[in-house]
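Next comes my_file23.cif, a file with mmCIF, C-alpha atoms and all ligand atoms.
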```
data_upload
loop_
_atom_site.label_atom_id
_atom_site.label_comp_id
_atom_site.auth_asym_id
_atom_site.auth_seq_id
_atom_site.Cartn_x
_atom_site.Cartn_y
_atom_site.Cartn_z
CA MET F 1 -85.21 0.62 40.27
CA ARG F 2 -82.88 -2.32 40.61
CA SER F 3 -81.45 -3.47 37.29
CA THR F 4 -81.01 -7.10 36.29
CA LEU F 5 -77.87 -8.39 34.65
CA SER F 6 -79.64 -10.15 31.88
CA PRO F 7 -83.05 -9.54 30.39
CA SER F 8 -83.20 -13.22 29.44
CA ILE F 9 -83.65 -14.32 33.05
CA ASP F 10 -86.40 -12.48 34.83
CA ARG F 11 -85.94 -11.68 38.47
CA VAL F 12 -88.35 -13.76 40.54
CA PRO F 13 -89.66 -12.11 43.72
CA VAL F 14 -88.48 -14.03 46.74
CA THR F 15 -92.02 -14.47 47.96
CA ASP F 16 -93.02 -16.22 44.72
CA LEU F 17 -89.94 -18.37 44.71
CA ASP F 18 -89.95 -19.56 48.23
CA PRO F 19 -93.04 -21.08 49.82
CA PHE F 20 -91.22 -21.23 53.15
CA VAL F 21 -90.79 -17.50 53.45
CA ASP F 22 -93.17 -15.92 55.91
CA ARG F 23 -94.44 -12.91 53.94
CA GLU F 24 -95.57 -11.18 57.11
CA LYS F 25 -91.98 -11.17 58.28
CA LEU F 26 -90.57 -9.63 55.11
CA VAL F 27 -90.17 -6.24 56.68
CA THR F 28 -87.09 -4.47 57.89
CA PRO F 29 -86.20 -5.18 61.51
CA SER F 30 -86.46 -2.21 63.81
CA GLY F 31 -83.26 -0.23 64.11
CA SER F 32 -81.79 -1.35 60.79
CA GLY F 33 -83.11 1.61 58.77
CA GLY F 34 -83.79 -0.25 55.52
CA ALA F 35 -80.67 -2.43 55.44
CA VAL F 36 -80.66 -5.43 53.09
CA LEU F 37 -78.65 -7.44 55.60
CA SER F 38 -78.71 -6.79 59.34
CA VAL F 39 -76.61 -8.77 61.79
CA ARG F 40 -77.43 -8.36 65.46
CA ASP F 41 -75.23 -9.53 68.36
CA LEU F 42 -73.94 -12.50 66.39
CA ARG F 43 -71.97 -15.02 68.41
CA VAL F 44 -70.35 -18.16 67.02
CA HIS F 45 -68.79 -20.47 69.58
CA PHE F 46 -67.13 -23.84 68.98
CA PRO F 47 -67.04 -26.19 71.97
CA THR F 48 -63.86 -28.30 71.99
CA ASP F 49 -62.29 -30.74 74.46
CA ASP F 50 -59.99 -27.95 75.64
CA GLY F 51 -62.62 -25.26 76.03
CA VAL F 52 -64.94 -23.01 74.01
CA VAL F 53 -63.49 -21.15 71.03
CA LYS F 54 -65.32 -17.82 70.79
CA ALA F 55 -64.69 -17.14 67.11
CA VAL F 56 -67.30 -14.38 66.88
CA ASP F 57 -68.49 -12.69 70.03
CA GLY F 58 -71.13 -9.98 69.64
CA VAL F 59 -70.94 -8.64 66.09
CA THR F 60 -73.59 -6.18 64.87
CA PHE F 61 -73.71 -4.47 61.48
CA ASP F 62 -76.02 -3.40 58.65
CA VAL F 63 -75.36 -3.38 54.93
CA TYR F 64 -77.48 -1.31 52.56
CA GLU F 65 -78.26 -1.58 48.88
CA ASN F 66 -75.50 -0.24 46.64
CA GLU F 67 -73.04 -0.07 49.53
CA VAL F 68 -69.72 -1.77 50.24
CA LEU F 69 -69.01 -2.64 53.86
CA GLY F 70 -65.38 -3.57 54.47
CA ILE F 71 -64.71 -5.97 57.37
CA VAL F 72 -61.05 -5.72 58.38
CA GLY F 73 -58.87 -7.51 60.91
CA GLU F 74 -55.94 -9.86 61.33
CA SER F 75 -56.24 -13.59 60.66
CA GLY F 76 -58.37 -15.18 63.36
CA SER F 77 -60.35 -12.02 64.14
CA GLY F 78 -63.64 -13.67 63.15
CA LYS F 79 -64.22 -12.06 59.74
CA SER F 80 -64.64 -15.23 57.70
CA VAL F 81 -66.60 -17.04 60.40
CA THR F 82 -69.04 -14.11 60.42
CA SER F 83 -69.61 -14.48 56.67
CA MET F 84 -69.96 -18.26 56.92
CA ALA F 85 -72.58 -17.76 59.64
CA VAL F 86 -74.55 -15.39 57.38
CA LEU F 87 -74.65 -18.04 54.66
CA GLY F 88 -75.31 -20.91 57.07
CA LEU F 89 -72.11 -22.69 56.07
CA LEU F 90 -70.73 -23.41 59.52
CA PRO F 91 -70.21 -26.99 60.77
CA ARG F 92 -72.88 -28.50 62.99
CA SER F 93 -70.62 -28.15 66.02
CA ALA F 94 -70.91 -24.35 65.86
CA ARG F 95 -73.17 -22.70 68.43
CA VAL F 96 -74.67 -19.69 66.67
CA THR F 97 -76.76 -17.11 68.52
CA GLY F 98 -78.02 -13.62 67.68
CA GLU F 99 -79.97 -12.57 64.60
CA ILE F 100 -79.15 -12.38 60.90
CA PHE F 101 -81.90 -10.59 58.99
CA TYR F 102 -82.11 -10.66 55.22
CA ARG F 103 -84.84 -8.15 54.33
CA GLY F 104 -86.51 -8.84 57.64
CA GLN F 105 -86.31 -12.63 57.54
CA ASN F 106 -84.15 -14.01 60.33
CA LEU F 107 -81.98 -16.56 58.55
CA LEU F 108 -81.19 -18.30 61.82
CA ASP F 109 -84.86 -19.31 62.06
CA LEU F 110 -84.63 -21.21 58.77
CA GLY F 111 -83.80 -24.86 58.28
CA GLU F 112 -81.14 -26.02 55.82
CA ARG F 113 -83.69 -26.65 53.06
CA GLU F 114 -85.19 -23.19 53.39
CA LEU F 115 -81.80 -21.51 53.64
CA ARG F 116 -80.68 -23.18 50.43
CA ARG F 117 -83.29 -21.14 48.57
CA PHE F 118 -81.63 -17.92 49.68
CA ARG F 119 -78.03 -19.04 49.38
CA GLY F 120 -76.62 -18.43 45.93
CA GLU F 121 -79.65 -16.52 44.80
CA LYS F 122 -80.21 -13.72 47.31
CA LEU F 123 -76.95 -14.05 49.24
CA ALA F 124 -73.84 -15.16 47.42
CA MET F 125 -70.20 -15.54 48.28
CA VAL F 126 -66.86 -15.23 46.53
CA PHE F 127 -64.55 -17.61 48.37
CA GLN F 128 -60.92 -16.99 49.32
CA ASP F 129 -59.34 -19.76 47.34
CA ALA F 130 -60.76 -19.87 43.82
CA LEU F 131 -58.79 -22.98 42.83
CA ALA F 132 -60.18 -24.94 45.77
CA ALA F 133 -63.71 -23.59 45.25
CA LEU F 134 -63.93 -24.47 41.55
CA ASN F 135 -64.43 -28.10 40.55
CA PRO F 136 -61.43 -29.22 38.46
CA VAL F 137 -63.37 -31.76 36.38
CA PHE F 138 -66.02 -29.40 34.99
CA THR F 139 -65.51 -26.51 32.62
CA VAL F 140 -65.90 -23.02 34.02
CA GLY F 141 -68.92 -22.48 31.76
CA ASN F 142 -70.57 -25.60 33.19
CA GLN F 143 -70.03 -24.43 36.73
CA VAL F 144 -71.33 -20.91 36.15
CA GLY F 145 -74.32 -22.40 34.30
CA GLU F 146 -75.04 -24.79 37.15
CA ALA F 147 -75.19 -21.85 39.57
CA ILE F 148 -78.04 -20.48 37.44
CA GLN F 149 -79.91 -23.75 36.91
CA VAL F 150 -79.92 -24.62 40.60
CA HIS F 151 -82.29 -21.69 41.12
CA HIS F 152 -84.02 -21.25 37.76
CA ASP F 153 -85.64 -23.57 35.30
CA VAL F 154 -83.94 -22.16 32.21
CA LYS F 155 -83.23 -23.74 28.82
CA ASP F 156 -79.60 -24.64 28.02
CA LYS F 157 -79.38 -22.07 25.23
CA ALA F 158 -80.42 -19.23 27.53
CA VAL F 159 -78.04 -20.48 30.21
CA ARG F 160 -75.16 -20.49 27.72
CA ALA F 161 -75.99 -16.92 26.67
CA ARG F 162 -76.13 -15.84 30.29
CA VAL F 163 -72.82 -17.55 31.10
CA LEU F 164 -71.10 -15.73 28.24
CA ASP F 165 -72.65 -12.45 29.43
CA LEU F 166 -71.33 -13.04 32.94
CA LEU F 167 -67.83 -13.99 31.84
CA ASP F 168 -67.78 -10.88 29.68
CA LEU F 169 -68.98 -8.74 32.57
CA VAL F 170 -66.17 -9.90 34.84
CA GLY F 171 -63.60 -9.16 32.14
CA ILE F 172 -62.69 -12.63 30.90
CA PRO F 173 -61.45 -12.21 27.33
CA ASN F 174 -62.99 -14.34 24.58
CA PRO F 175 -65.77 -15.76 26.79
CA LYS F 176 -66.94 -18.22 24.11
CA ALA F 177 -63.67 -20.11 24.12
CA ARG F 178 -62.92 -19.58 27.82
CA ALA F 179 -66.30 -20.96 28.93
CA ASP F 180 -65.25 -24.38 27.63
CA GLN F 181 -61.95 -24.42 29.49
CA TYR F 182 -61.21 -26.00 32.85
CA PRO F 183 -60.13 -24.08 35.98
CA HIS F 184 -56.49 -25.20 35.63
CA GLU F 185 -56.37 -23.46 32.25
CA TYR F 186 -57.18 -20.12 33.89
CA SER F 187 -54.68 -17.83 35.60
CA GLY F 188 -55.20 -16.97 39.30
CA GLY F 189 -56.84 -13.64 38.46
CA MET F 190 -59.14 -15.23 35.89
CA ARG F 191 -60.21 -17.93 38.32
CA GLN F 192 -61.14 -15.25 40.82
CA ARG F 193 -63.17 -13.50 38.13
CA ALA F 194 -64.88 -16.80 37.29
CA MET F 195 -65.77 -17.14 40.98
CA ILE F 196 -67.28 -13.66 40.90
CA ALA F 197 -69.25 -14.61 37.76
CA MET F 198 -70.65 -17.65 39.61
CA ALA F 199 -71.50 -15.59 42.66
CA ILE F 200 -73.42 -12.95 40.68
CA ALA F 201 -75.07 -15.46 38.34
CA ASN F 202 -78.43 -14.96 40.03
CA ASP F 203 -78.10 -11.23 40.58
CA PRO F 204 -77.88 -11.54 44.40
CA ASP F 205 -78.91 -8.74 46.76
CA VAL F 206 -75.93 -9.39 49.02
CA LEU F 207 -72.49 -10.40 47.77
CA ILE F 208 -69.91 -11.45 50.35
CA ALA F 209 -66.36 -11.42 49.04
CA ASP F 210 -63.97 -13.16 51.43
CA GLU F 211 -60.39 -12.03 50.78
CA PRO F 212 -61.07 -11.97 47.02
CA THR F 213 -57.66 -10.52 46.21
CA THR F 214 -55.42 -12.46 48.58
CA ALA F 215 -52.62 -14.26 46.74
CA LEU F 216 -53.01 -12.05 43.68
CA ASP F 217 -50.34 -9.59 42.65
CA VAL F 218 -51.21 -5.91 42.95
CA THR F 219 -52.04 -5.40 39.26
CA ILE F 220 -54.48 -8.31 39.19
CA GLN F 221 -55.78 -7.29 42.62
CA ALA F 222 -56.69 -3.87 41.21
CA GLN F 223 -58.42 -5.51 38.26
CA VAL F 224 -60.48 -7.82 40.50
CA LEU F 225 -61.53 -4.88 42.68
CA GLU F 226 -62.50 -2.99 39.55
CA VAL F 227 -64.67 -5.96 38.53
CA ILE F 228 -66.40 -5.90 41.93
CA GLU F 229 -67.12 -2.19 41.52
CA ARG F 230 -68.42 -2.74 38.00
CA VAL F 231 -70.66 -5.54 39.21
CA GLN F 232 -72.08 -3.33 41.91
CA ASN F 233 -72.79 -0.53 39.45
CA ARG F 234 -74.76 -2.99 37.37
CA THR F 235 -76.60 -4.74 40.18
CA ASN F 236 -76.85 -2.29 43.13
CA SER F 237 -75.94 -5.22 45.39
CA ALA F 238 -74.93 -4.73 48.98
CA ILE F 239 -71.33 -5.96 49.15
CA VAL F 240 -69.48 -7.21 52.22
CA LEU F 241 -65.75 -7.15 51.48
CA ILE F 242 -63.69 -9.15 53.96
CA THR F 243 -59.98 -8.44 53.99
CA HIS F 244 -56.91 -8.00 56.15
CA ASP F 245 -55.69 -5.32 53.75
CA LEU F 246 -56.63 -1.76 54.65
CA GLY F 247 -55.45 -0.62 51.21
CA VAL F 248 -58.16 -2.73 49.57
CA VAL F 249 -60.80 -1.27 51.85
CA ALA F 250 -59.69 2.32 51.23
CA GLY F 251 -60.23 2.02 47.51
CA VAL F 252 -63.58 0.25 47.47
CA ALA F 253 -65.55 0.40 50.74
CA ASP F 254 -68.09 2.99 51.88
CA ARG F 255 -68.06 1.92 55.53
CA VAL F 256 -65.65 -0.16 57.57
CA LEU F 257 -65.99 -2.57 60.49
CA VAL F 258 -62.70 -3.33 62.26
CA MET F 259 -62.66 -6.62 64.18
CA TYR F 260 -60.32 -7.92 66.85
CA ALA F 261 -60.54 -11.26 68.67
CA GLY F 262 -64.03 -11.94 67.33
CA ARG F 263 -65.40 -8.55 68.42
CA PRO F 264 -66.07 -5.30 66.58
CA VAL F 265 -63.68 -2.61 67.85
CA GLU F 266 -64.45 0.28 65.51
CA THR F 267 -67.03 1.13 62.85
CA GLY F 268 -67.43 4.21 60.70
CA ASN F 269 -67.25 5.48 57.16
CA VAL F 270 -63.98 5.23 55.27
CA ASP F 271 -62.93 8.82 56.02
CA GLN F 272 -63.61 8.43 59.73
CA ILE F 273 -61.64 5.19 59.96
CA PHE F 274 -58.68 6.41 57.90
CA TYR F 275 -58.45 10.03 59.02
CA GLN F 276 -59.89 10.01 62.58
CA PRO F 277 -59.34 6.51 64.01
CA GLN F 278 -60.56 6.25 67.61
CA HIS F 279 -59.32 2.79 68.54
CA PRO F 280 -55.63 2.00 69.19
CA TYR F 281 -55.88 -1.18 67.10
CA THR F 282 -57.11 0.73 64.04
CA LEU F 283 -54.46 3.36 64.69
CA GLY F 284 -51.80 0.61 64.82
CA LEU F 285 -53.02 -0.97 61.58
CA LEU F 286 -52.85 2.42 59.84
CA ALA F 287 -49.41 3.22 61.26
CA SER F 288 -48.11 -0.11 59.98
CA LEU F 289 -48.90 0.84 56.38
CA PRO F 290 -46.14 2.41 54.28
CA ARG F 291 -46.86 5.99 53.17
CA LEU F 292 -46.35 6.42 49.45
CA ASP F 293 -47.01 10.15 49.60
CA GLN F 294 -43.98 10.83 51.81
CA ASN F 295 -40.25 10.45 51.44
CA ALA F 296 -39.67 6.80 52.36
CA GLU F 297 -35.97 7.22 53.01
CA GLY F 298 -35.20 5.79 56.43
CA MET F 299 -38.91 5.34 57.15
CA ARG F 300 -39.65 2.67 59.75
CA LEU F 301 -43.04 1.07 60.00
CA TYR F 302 -44.98 0.67 63.21
CA ARG F 303 -45.48 -2.86 64.50
CA ILE F 304 -48.33 -3.84 66.79
CA ARG F 305 -46.45 -5.76 69.42
CA GLY F 306 -47.38 -9.32 70.40
CA GLN F 307 -49.80 -11.68 68.73
CA PRO F 308 -53.60 -11.88 68.53
CA PRO F 309 -54.94 -13.87 71.51
CA SER F 310 -56.18 -17.43 71.42
CA LEU F 311 -59.94 -17.26 70.94
CA MET F 312 -60.22 -19.86 73.69
CA HIS F 313 -58.47 -17.62 76.18
CA VAL F 314 -59.39 -14.05 75.29
CA PRO F 315 -57.85 -11.64 77.84
CA PRO F 316 -60.30 -10.18 80.37
CA GLY F 317 -61.47 -6.58 80.04
CA CYS F 318 -60.38 -5.18 76.68
CA ALA F 319 -59.09 -8.08 74.58
CA PHE F 320 -56.49 -5.76 73.04
CA HIS F 321 -54.95 -4.59 76.33
CA PRO F 322 -51.80 -6.80 76.29
CA ARG F 323 -50.80 -5.19 72.96
CA CYS F 324 -52.09 -1.68 73.46
CA ASP F 325 -49.81 1.35 73.92
CA PHE F 326 -52.70 3.34 75.44
CA ALA F 327 -53.73 0.67 77.99
CA GLN F 328 -54.16 1.56 81.64
CA VAL F 329 -53.87 -1.66 83.62
CA PRO F 330 -55.25 -3.16 85.63
CA GLU F 331 -58.05 -0.56 85.85
CA PRO F 332 -59.99 -0.24 83.65
CA CYS F 333 -58.45 -1.90 80.58
CA ALA F 334 -57.73 -5.34 82.09
CA THR F 335 -60.96 -5.53 84.08
CA VAL F 336 -63.82 -3.82 82.20
CA GLU F 337 -64.78 -4.74 78.63
CA PRO F 338 -65.28 -1.46 76.73
CA GLU F 339 -68.56 -0.97 74.90
CA LEU F 340 -68.78 0.09 71.29
CA ARG F 341 -69.76 3.75 71.69
CA SER F 342 -69.82 7.00 69.80
CA ILE F 343 -67.79 9.95 71.12
CA ASP F 344 -68.77 12.45 68.46
CA GLU F 345 -72.46 11.60 68.04
CA LEU F 346 -71.75 10.69 64.43
CA ASP F 347 -72.13 7.20 63.03
CA HIS F 348 -68.60 6.40 64.21
CA HIS F 349 -68.15 3.99 67.10
CA ALA F 350 -65.14 2.62 68.95
CA ALA F 351 -64.82 0.09 71.77
CA CYS F 352 -62.16 1.82 73.85
CA HIS F 353 -62.24 3.42 77.30
CA PHE F 354 -59.92 6.15 76.02
CA ALA F 355 -61.35 6.74 72.55
CA GLU F 356 -61.32 10.52 73.21
CA SER F 357 -57.53 10.50 73.68
CA VAL F 358 -56.93 8.17 70.75
CA ALA F 359 -59.00 10.42 68.48
CA GLY F 360 -56.40 13.15 68.95
CA THR F 361 -53.55 10.89 67.79
CA SER F 362 -52.54 10.34 64.19
CA PRO F 363 -50.74 7.25 62.83
CA ASP F 364 -47.70 9.47 62.18
CA ASP F 365 -47.51 10.22 65.91
CA ILE F 366 -46.87 6.56 66.80
CA ARG F 367 -44.58 5.61 63.89
CA PRO F 368 -40.98 5.07 65.00
CA ALA F 369 -38.62 7.90 64.11
CA ALA F 370 -36.91 7.52 60.75
CA ALA F 371 -33.59 5.69 60.94
CA THR F 372 -30.55 7.86 60.35
CA THR F 373 -27.67 6.50 58.39
FE1 LIG S 1 -56.29 0.08 74.73
FE2 LIG S 1 -57.67 0.27 77.00
FE3 LIG S 1 -58.68 1.23 74.73
FE4 LIG S 1 -58.47 -1.38 75.09
S1 LIG S 1 -59.75 0.01 76.25
S2 LIG S 1 -57.94 -0.29 73.28
S3 LIG S 1 -56.56 -1.52 76.23
S4 LIG S 1 -56.85 1.94 75.79
#
```
Rewrite the coordinates I just gave you, this time as structure tokens.
Amino acid sequence: MRSTLSPSIDRVPVTDLDPFVDREKLVTPSGSGGAVLSVRDLRVHFPTDDGVVKAVDGVTFDVYENEVLGIVGESGSGKSVTSMAVLGLLPRSARVTGEIFYRGQNLLDLGERELRRFRGEKLAMVFQDALAALNPVFTVGNQVGEAIQVHHDVKDKAVRARVLDLLDLVGIPNPKARADQYPHEYSGGMRQRAMIAMAIANDPDVLIADEPTTALDVTIQAQVLEVIERVQNRTNSAIVLITHDLGVVAGVADRVLVMYAGRPVETGNVDQIFYQPQHPYTLGLLASLPRLDQNAEGMRLYRIRGQPPSLMHVPPGCAFHPRCDFAQVPEPCATVEPELRSIDELDHHAACHFAESVAGTSPDDIRPAAATT
């Protein structure tokens, strides 16, 4: 049974809380196998004077209770836009199509007023930049408390107790004193923890953490990741961890979705992605990581050549073909868009015409030879 973070605030069933929710629809969509959050063929396009920016172009994934899904890719690959679409935080100019099911309810069918009931309570987000996300003129305790009171009619004393509980849970020392301090009095790592406390204030089913450790040094990064793990152990939430850092994913995620140019290029569990990559982009990302378990003397890192494409002018066929060492051009890589498919009949999929060949290659095979001195 799902635990609650605090016995002082009872969990309210979504159907009791929200008169707008169609109870008949609160079932799992077919094909999602009991996922808490199911995204189907999500596309987010932004029309501009110069053309249409296809920020997300056909993303599908499921996240289950008590699971961490890592979404990985370079800047501009569509990771953050995907999470903003799930929470309905995109600007009005965005054209969003596809389906986003939270426990069977398609969030794209809801209006802003209805969506607000889910956001923060059932689906919550830890934003990239904690300093920008926190309000500088309110104490951290006030802001965490407000996140609770927006969704629950709770007395101030109970809110205060809950705030202190949450700050304690995320590892903020001396929560009583710290709750009355302002964001500028917190260090970067503590602000990120305060953001996590706000996000989990209502014990959400789905927690989306968008680059929660970017701009933190490695020690604090490890501490923040440890907090996320601790939170999940207490809440059984489904967590979507968005990052460009494969190292972060390796330590925390159960499954991984690799994105490139707004499209999913490989999905699988952590072992499949790290030990049997089937897409050249994933292989390149892995080869570009330093190996700490090998003699680093003279070691040279792999570099994926070129730059990610403009999302307004995505190359035809496979979007990765101008940068790919395995590409066969023009046919088929520059003409036919590869489908996300499984080559081993396991839950491991790659969008590459030559996934079979790539599967036999290890990151060490493509790393440049060590420099001799
Ligand atoms: Fe490379 Fe072709 Fe595979 Fe795309 S489809 S990743 S260009 S080999």
For ligand LIG 1 (chain S), the closest of F:Ser357, F:Thr82, F:Ser310, F:Ser362 counting all atoms listed in the file is F:Ser357
Closest contacts (chain F/ligand LIG 1 (chain S), max 7 Å, all atoms listed in the file) as JSON lines:
```
{"residue": "F:His279", "atom": "CA", "partner": "S:LIG1", "partner_atom": "S2", "distance": 5.8}
{"residue": "F:Pro280", "atom": "CA", "partner": "S:LIG1", "partner_atom": "S2", "distance": 5.2}
{"residue": "F:Tyr281", "atom": "CA", "partner": "S:LIG1", "partner_atom": "S2", "distance": 6.6}
{"residue": "F:Cys318", "atom": "CA", "partner": "S:LIG1", "partner_atom": "FE4", "distance": 4.5}
{"residue": "F:Ala319", "atom": "CA", "partner": "S:LIG1", "partner_atom": "FE4", "distance": 6.7}
{"residue": "F:Phe320", "atom": "CA", "partner": "S:LIG1", "partner_atom": "FE4", "distance": 5.2}
{"residue": "F:His321", "atom": "CA", "partner": "S:LIG1", "partner_atom": "S3", "distance": 3.5}
{"residue": "F:Cys324", "atom": "CA", "partner": "S:LIG1", "partner_atom": "FE1", "distance": 4.7}
{"residue": "F:Asp325", "atom": "CA", "partner": "S:LIG1", "partner_atom": "FE1", "distance": 6.7}
{"residue": "F:Phe326", "atom": "CA", "partner": "S:LIG1", "partner_atom": "S4", "distance": 4.4}
{"residue": "F:Ala327", "atom": "CA", "partner": "S:LIG1", "partner_atom": "S3", "distance": 4.0}
{"residue": "F:Gln328", "atom": "CA", "partner": "S:LIG1", "partner_atom": "FE2", "distance": 6.0}
{"residue": "F:Cys333", "atom": "CA", "partner": "S:LIG1", "partner_atom": "FE2", "distance": 4.3}
{"residue": "F:Pro338", "atom": "CA", "partner": "S:LIG1", "partner_atom": "S1", "distance": 5.7}
{"residue": "F:Ala351", "atom": "CA", "partner": "S:LIG1", "partner_atom": "S1", "distance": 6.8}
{"residue": "F:Cys352", "atom": "CA", "partner": "S:LIG1", "partner_atom": "FE3", "distance": 3.6}
{"residue": "F:His353", "atom": "CA", "partner": "S:LIG1", "partner_atom": "S1", "distance": 4.4}
{"residue": "F:Phe354", "atom": "CA", "partner": "S:LIG1", "partner_atom": "S4", "distance": 5.2}
{"residue": "F:Ala355", "atom": "CA", "partner": "S:LIG1", "partner_atom": "FE3", "distance": 6.5}
```
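When only C-alpha atoms are used to compute distances to F:Gly145, the closest of the residues F:Lys157, F:Arg291, F:Arg255, F:Lys79 turns out to be F:Lys157.
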Notebook entry, point to check: In Å, how far is it from atom CA of F:Phe46 to atom CA of F:Ala85?
Noted result: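 Interatomic distance, atom CA of F:Phe46 to atom CA of F:Ala85: 12.4 Å.
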Self-check item: From F:Pro264, F:Gly76, F:Gly317, F:Gly141, residue lying nearest F:Arg341 [only C-alpha atoms]
Solution: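 So, comparing all the options, the nearest one is F:Pro264.
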Each residue of stretch 150-242 of chain F with at least one atom at most 12 Å from stretch 92-111 of chain F should appear once, together with its nearest atom pair and the corresponding distance in Å (one decimal); atoms considered: only C-alpha atoms; ordering: chain, then increasing residue number; output as CSV.
```
residue,atom,partner,partner_atom,distance
F:Pro204,CA,F:Tyr102,CA,11.7
F:Asp205,CA,F:Tyr102,CA,9.2
F:Val206,CA,F:Tyr102,CA,8.8
F:Ala238,CA,F:Tyr102,CA,11.2
```
Exercise. List every protein, DNA or RNA residue with an atom no more than 10 Å from (-77.8, -16.1, 51.8) in the file's coordinates, counting all atoms listed in the file, and format the result as an MDAnalysis selection string.
Key: chainID F and resid 37 83:89 100:102 107 115:125 204:208
Problem - All residues 7 Å or closer to stretch 256-259 of chain F, all atoms listed in the file, same chain fewer than 6 positions away omitted, as a VMD selection string - result: chain F and resid 69 to 73 77 265 to 270
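Restricting the calculation to only C-alpha atoms, the smallest distance between F:Ile304 and any of F:His45, F:Arg40, F:Arg323, F:His244 is found for F:Arg323.
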*Contact residues around F:Arg160 with all atoms listed in the file at 9 Å, ignoring same-chain residues under 3 positions, as an MDAnalysis selection string*: chainID F and resid 141:142 145 155:157 163:165 179
Between atom CA of F:Val126 and atom CA of F:Ile196 lies a distance of 5.9 Å
